[in-house]
Amino acid sequence: MSKTMKAAVMTGIRKLEIQEVPMPTIDDNQVLVKVKHVGICGSDVHFYEYGNIGDFVVKPPFILGHESGGEVVEVGKNVTTLKVGDKVALEPGIPCGKCEYCKRGDYNLCPDVVFLATPPYDGVFAEYIAYPENMAFKLPDGVDTMDGAMVEPLNVALHAINLADAKLGESALVLGCGCIGMLTILTLKAAGVKEIYAVDVLPPRIEKARTLGVKEVWNGKDVDVLAMVDMVTNGRGVDMVFETAGTVKTTQLTIGAVAKGGRIVITGMAAEPLIPLDIIGLVCKEAKIFSQFRYKNLYPKGIKLIADKSINVKEVVSDTCTLDDLPEMFEKSIKEKDKVIKAVVEM
Ligand SMILES: [Zn+2]
Ligand SMILES: [Zn+2]
């Protein structure tokens with residue numbers, strides 16, 4: 001095998017170059033994966049555009065990408081569950097396994113996690129990656145590597161509806177119809193929640209959300225969202241509100257829209273750290289607010305839901321490109337934000 005491989009390397013803010021980089025080598029507990037599909041996440045675009053997310057600052061050269069599916073081409077000598085030729089989805093966070101949070105199962109909160117494409121750890125916009133066996137999940141027949149790449153954002157939606165404890169026959173409002181909002185809609189439907197309302201401000205996203213089978217989707221610029229919620233629920237509010245847009249306005253809408261005793265999940269991260277909220281309104285409703293950080297213990301479940309056709313993750317894939325065309329796709333993701341819901345690189 002050759003000693004170098006192609007990778008998309010971030011060399012500065014809004015600078016991405018296709019370069020030859022050293023080929024990774026595996027240790028005894030790892031597999032070498034030929035990367036086949038990688039999704040472009042909102043976080044990748046943010047790192048590319050601004051060079052940081054909060055305290056995580058990119059120091060070029062840096063490789064983005066954390067949503068991937070591929071094929072095993074080599075296995076370490078201790079590997080027992082995977083073999084050459086297996087298709088896998090890679091869970092991008094490798095937790096320490098030793099801390100308090102890891103030990104109690106909340107490994108998404110591990111302070112020592114190695115998370116792909118989160119500085120200082122390189123990501124997976126590359127031809128190959130060496131990866132621990134226990135974080136590479138075998139894909140069954142009928143689940144391809146594009147589905148495998150989409151398991152990562154799907155898990156965000158799955159974790160959100162687990163936190164909300166979504167139940168058959170309940171109602172929900174999804175704020176934001178980007179990739180995560182749309183996957184939340186599909187996941188809610190699969191969980192038996194059919195009364196779903198959605199909000200966005202970008203017309204192409206609103207049109208797309210309509211095709212996913214929501215009851216109503218509103219343009220937050222044109223209508224008073226809380227008045228609409230009042231109207232469709234006879235003033236009761238919805239059982240669950242999912243904030244996936246990451247804006248001050250939508251975060252503030254959550255309390256007004258939720259029913260008494262309802263649940264709110266904050267998945268999006270607004271850029272402003274301080275957001276005034278109607279706490280008295282919240283107290284009077286005895287509603288619960290959950291915050292969400294990534295996901296945990298969900299890769300096998302996400303893969304199963306795709307395999308049994310409960311959720312078709314490809315419905316939200318709007319664009320595909322080759323690794324060579326990745327720099328243009330990043331630019332398109334910024335300039336045509338309304339149209340690019342989920343772009344996936346095909347290698
Ligand atoms: Zn992601
Ligand atoms: Zn840990």
# chains A, B, ... in the order shown; residues from 1 in each chain; ligands from 1

$ residues_near_ligand --ligand "ligand 2" --cutoff "7 Å" --atoms "only C-alpha atoms and all ligand atoms" --output "VMD selection string"
chain A and resid 95 to 102 107 110 to 113

$ write_last_selection --atoms "N, CA and C atoms" --output "compact mmCIF listing (two decimals), in the first residue's frame"
# COMPACT_ATOMS: atom_id res chain seq x y z
N PRO A 95 -14.17 7.98 23.86
CA PRO A 95 -14.08 8.43 25.25
C PRO A 95 -12.94 7.74 25.99
N CYS A 96 -12.55 8.30 27.16
CA CYS A 96 -11.39 7.77 27.88
C CYS A 96 -11.68 6.42 28.54
N GLY A 97 -12.96 6.21 28.92
CA GLY A 97 -13.33 4.94 29.56
C GLY A 97 -12.97 4.86 31.03
N LYS A 98 -12.35 5.92 31.57
CA LYS A 98 -11.86 5.84 32.95
C LYS A 98 -12.52 6.84 33.89
N CYS A 99 -13.06 7.92 33.33
CA CYS A 99 -13.54 9.00 34.21
C CYS A 99 -14.91 8.66 34.79
N GLU A 100 -15.35 9.48 35.71
CA GLU A 100 -16.65 9.33 36.37
C GLU A 100 -17.78 9.20 35.34
N TYR A 101 -17.76 10.06 34.32
CA TYR A 101 -18.85 10.10 33.34
C TYR A 101 -18.85 8.85 32.46
N CYS A 102 -17.65 8.47 32.02
CA CYS A 102 -17.54 7.25 31.22
C CYS A 102 -18.03 6.05 32.02
N TYR A 107 -20.81 8.80 28.52
CA TYR A 107 -19.49 9.07 27.93
C TYR A 107 -19.48 10.25 26.99
N CYS A 110 -17.55 12.96 28.66
CA CYS A 110 -16.15 12.69 29.01
C CYS A 110 -15.27 13.90 28.71
N PRO A 111 -14.55 14.42 29.72
CA PRO A 111 -13.70 15.59 29.46
C PRO A 111 -12.47 15.25 28.62
N ASP A 112 -12.14 13.97 28.54
CA ASP A 112 -10.93 13.57 27.80
C ASP A 112 -11.25 12.88 26.49
N VAL A 113 -12.47 13.08 25.97
CA VAL A 113 -12.84 12.43 24.71
C VAL A 113 -11.95 12.92 23.56

$ residues_near_ligand --ligand "ligand 1" --cutoff "7 Å" --atoms "only C-alpha atoms and all ligand atoms" --output "number ranges by chain"
A: 41-43, 66-67, 152-153

$ closest_residue --among "A:Glu336, A:Glu315, A:Glu331, A:Glu71" --to "A:Gly213" --atoms "only C-alpha atoms"
A:Glu315

$ atom_distance --atom1 "atom CA of A:Val79" --atom2 "atom CA of A:Asp27"
9.9 Å

$ atom_distance --atom1 "atom CA of A:Phe330" --atom2 "atom CA of A:Pro119"
18.5 Å

$ closest_residue --among "A:Pro203, A:Leu16, A:Leu277, A:Phe62" --to "A:Leu253" --atoms "only C-alpha atoms"
A:Leu277

$ atom_distance --atom1 "atom CA of A:Gly302" --atom2 "atom CA of A:Ala8"
27.7 Å

$ closest_atom_pairs --of "stretch 260-315 of chain A" --to "stretch 164-168 of chain A" --cutoff "10 Å" --atoms "only C-alpha atoms" --output "JSON lines"
{"residue": "A:Gly262", "atom": "CA", "partner": "A:Ala164", "partner_atom": "CA", "distance": 8.8}
{"residue": "A:Arg263", "atom": "CA", "partner": "A:Ala164", "partner_atom": "CA", "distance": 5.8}
{"residue": "A:Ile264", "atom": "CA", "partner": "A:Ala164", "partner_atom": "CA", "distance": 6.9}
{"residue": "A:Val265", "atom": "CA", "partner": "A:Ala164", "partner_atom": "CA", "distance": 6.5}
{"residue": "A:Lys288", "atom": "CA", "partner": "A:Ala164", "partner_atom": "CA", "distance": 8.8}
{"residue": "A:Ile289", "atom": "CA", "partner": "A:Ala164", "partner_atom": "CA", "distance": 8.9}
{"residue": "A:Phe290", "atom": "CA", "partner": "A:Ala164", "partner_atom": "CA", "distance": 7.5}

$ closest_residue --among "A:Ala126, A:Val238, A:Cys179, A:Leu82" --to "A:Glu346" --atoms "only C-alpha atoms"
A:Ala126

$ residues_around --residues "stretch 137-146 of chain A" --least-positions-apart "4" --cutoff "6 Å" --atoms "only C-alpha atoms" --output "list in words"
His37, Gly69, Gly70, Lys87, Val88, Ala89 and Ala307 of chain A

$ residues_around --residues "A:Lys15" --least-positions-apart "3" --cutoff "8 Å" --atoms "only C-alpha atoms" --output "list in words"
Met10, Thr11, Gly12, Tyr48 and Pro327 of chain A

$ write_last_selection --atoms "N, CA, C and O atoms" --output "mmCIF file, in the first residue's frame"
data_model
loop_
_atom_site.group_PDB
_atom_site.id
_atom_site.type_symbol
_atom_site.label_atom_id
_atom_site.label_comp_id
_atom_site.auth_asym_id
_atom_site.auth_seq_id
_atom_site.Cartn_x
_atom_site.Cartn_y
_atom_site.Cartn_z
ATOM 1 N N MET A 10 -7.413 21.775 5.879
ATOM 2 C CA MET A 10 -7.706 23.187 6.123
ATOM 3 C C MET A 10 -6.380 23.877 6.431
ATOM 4 O O MET A 10 -5.690 23.518 7.379
ATOM 5 N N THR A 11 -6.026 24.854 5.584
ATOM 6 C CA THR A 11 -4.727 25.513 5.745
ATOM 7 C C THR A 11 -4.887 26.922 6.298
ATOM 8 O O THR A 11 -3.894 27.613 6.556
ATOM 9 N N GLY A 12 -6.123 27.346 6.487
ATOM 10 C CA GLY A 12 -6.396 28.672 7.035
ATOM 11 C C GLY A 12 -7.894 28.883 6.991
ATOM 12 O O GLY A 12 -8.639 28.003 6.529
ATOM 13 N N TYR A 48 -14.501 25.966 9.374
ATOM 14 C CA TYR A 48 -13.936 26.428 8.100
ATOM 15 C C TYR A 48 -14.118 27.940 7.942
ATOM 16 O O TYR A 48 -13.206 28.651 7.527
ATOM 17 N N PRO A 327 -13.626 21.575 -1.484
ATOM 18 C CA PRO A 327 -13.492 23.015 -1.222
ATOM 19 C C PRO A 327 -14.676 23.825 -1.774
ATOM 20 O O PRO A 327 -15.202 24.706 -1.080
#

$ closest_residue --among "A:Val214, A:Ile63, A:Leu90, A:Val201" --to "A:Val31" --atoms "only C-alpha atoms"
A:Leu90

$ residues_around --residues "A:Asn78" --least-positions-apart "2" --cutoff "6 Å" --atoms "only C-alpha atoms" --output "JSON, numbers by chain"
{"A": [28, 29, 76]}

$ select_by_dssp --residues "stretch 184-332 of chain A" --states "alpha helix (DSSP H)" --output "count of residues only"
57

$ residues_around --residues "A:Ile18" --least-positions-apart "3" --cutoff "8 Å" --atoms "only C-alpha atoms" --output "ChimeraX atom specification"
/A:6-9,323-324

$ select_by_dssp --residues "stretch 95-339 of chain A" --states "strand (DSSP E or B)" --output "PyMOL selection string"
chain A and resi 114-115+118+121+126+128-132+136-138+171-175+195-200+216-219+238-243+258-266+288-291+319-321

$ residues_around --residues "A:Ala117" --least-positions-apart "6" --cutoff "6 Å" --atoms "only C-alpha atoms" --output "PyMOL selection string"
chain A and resi 64-66+123

$ write_last_selection --atoms "N, CA, C and O atoms" --output "short mmCIF file (atom, residue, chain, number, x, y, z; two decimals), in the first residue's frame"
data_model
loop_
_atom_site.label_atom_id
_atom_site.label_comp_id
_atom_site.auth_asym_id
_atom_site.auth_seq_id
_atom_site.Cartn_x
_atom_site.Cartn_y
_atom_site.Cartn_z
N LEU A 64 -10.91 18.34 8.69
CA LEU A 64 -12.28 18.36 9.21
C LEU A 64 -12.98 17.03 8.91
O LEU A 64 -12.41 16.14 8.28
N GLY A 65 -14.26 16.92 9.30
CA GLY A 65 -15.08 15.75 8.98
C GLY A 65 -15.18 14.76 10.13
O GLY A 65 -14.16 14.29 10.62
N HIS A 66 -16.42 14.45 10.57
CA HIS A 66 -16.59 13.47 11.65
C HIS A 66 -17.76 12.53 11.44
O HIS A 66 -18.06 11.72 12.31
N GLY A 123 -9.88 15.12 11.60
CA GLY A 123 -11.08 14.40 11.22
C GLY A 123 -10.83 13.45 10.07
O GLY A 123 -9.71 12.96 9.87
#

$ closest_residue --among "A:Val72, A:Met135, A:Ile311, A:Met228" --to "A:Leu186" --atoms "only C-alpha atoms"
A:Ile311

$ closest_residue --among "A:Ile94, A:Ala149, A:Ile129, A:Met240" --to "A:Pro22" --atoms "only C-alpha atoms"
A:Ile129

$ decode --residues "stretch 88-100 of chain A" --atoms "N, CA and C atoms" --output "PDB file, in the first residue's frame"
ATOM      1  N   VAL A  88     -18.537  -0.311   7.709  1.00  0.00           N
ATOM      2  CA  VAL A  88     -18.697   0.190   9.082  1.00  0.00           C
ATOM      3  C   VAL A  88     -19.094   1.673   9.105  1.00  0.00           C
ATOM      4  N   ALA A  89     -19.744   2.051  10.209  1.00  0.00           N
ATOM      5  CA  ALA A  89     -19.950   3.463  10.545  1.00  0.00           C
ATOM      6  C   ALA A  89     -19.032   3.752  11.722  1.00  0.00           C
ATOM      7  N   LEU A  90     -18.369   4.900  11.700  1.00  0.00           N
ATOM      8  CA  LEU A  90     -17.417   5.237  12.772  1.00  0.00           C
ATOM      9  C   LEU A  90     -18.038   6.253  13.727  1.00  0.00           C
ATOM     10  N   GLU A  91     -18.125   5.868  14.997  1.00  0.00           N
ATOM     11  CA  GLU A  91     -18.578   6.837  16.008  1.00  0.00           C
ATOM     12  C   GLU A  91     -17.415   7.780  16.281  1.00  0.00           C
ATOM     13  N   PRO A  92     -17.610   9.112  16.073  1.00  0.00           N
ATOM     14  CA  PRO A  92     -16.455  10.012  16.049  1.00  0.00           C
ATOM     15  C   PRO A  92     -15.830  10.334  17.398  1.00  0.00           C
ATOM     16  N   GLY A  93     -16.531  10.055  18.496  1.00  0.00           N
ATOM     17  CA  GLY A  93     -15.968  10.383  19.807  1.00  0.00           C
ATOM     18  C   GLY A  93     -15.398   9.137  20.471  1.00  0.00           C
ATOM     19  N   ILE A  94     -14.118   9.168  20.804  1.00  0.00           N
ATOM     20  CA  ILE A  94     -13.499   8.036  21.504  1.00  0.00           C
ATOM     21  C   ILE A  94     -13.294   8.458  22.952  1.00  0.00           C
ATOM     22  N   PRO A  95     -14.170   7.985  23.856  1.00  0.00           N
ATOM     23  CA  PRO A  95     -14.080   8.434  25.247  1.00  0.00           C
ATOM     24  C   PRO A  95     -12.937   7.744  25.985  1.00  0.00           C
ATOM     25  N   CYS A  96     -12.553   8.301  27.160  1.00  0.00           N
ATOM     26  CA  CYS A  96     -11.387   7.767  27.885  1.00  0.00           C
ATOM     27  C   CYS A  96     -11.685   6.423  28.536  1.00  0.00           C
ATOM     28  N   GLY A  97     -12.961   6.207  28.925  1.00  0.00           N
ATOM     29  CA  GLY A  97     -13.331   4.944  29.565  1.00  0.00           C
ATOM     30  C   GLY A  97     -12.969   4.864  31.034  1.00  0.00           C
ATOM     31  N   LYS A  98     -12.355   5.917  31.569  1.00  0.00           N
ATOM     32  CA  LYS A  98     -11.862   5.839  32.953  1.00  0.00           C
ATOM     33  C   LYS A  98     -12.525   6.841  33.889  1.00  0.00           C
ATOM     34  N   CYS A  99     -13.064   7.917  33.335  1.00  0.00           N
ATOM     35  CA  CYS A  99     -13.538   8.999  34.205  1.00  0.00           C
ATOM     36  C   CYS A  99     -14.915   8.656  34.786  1.00  0.00           C
ATOM     37  N   GLU A 100     -15.348   9.483  35.709  1.00  0.00           N
ATOM     38  CA  GLU A 100     -16.655   9.325  36.365  1.00  0.00           C
ATOM     39  C   GLU A 100     -17.783   9.204  35.339  1.00  0.00           C
TER      40      GLU A 100
END
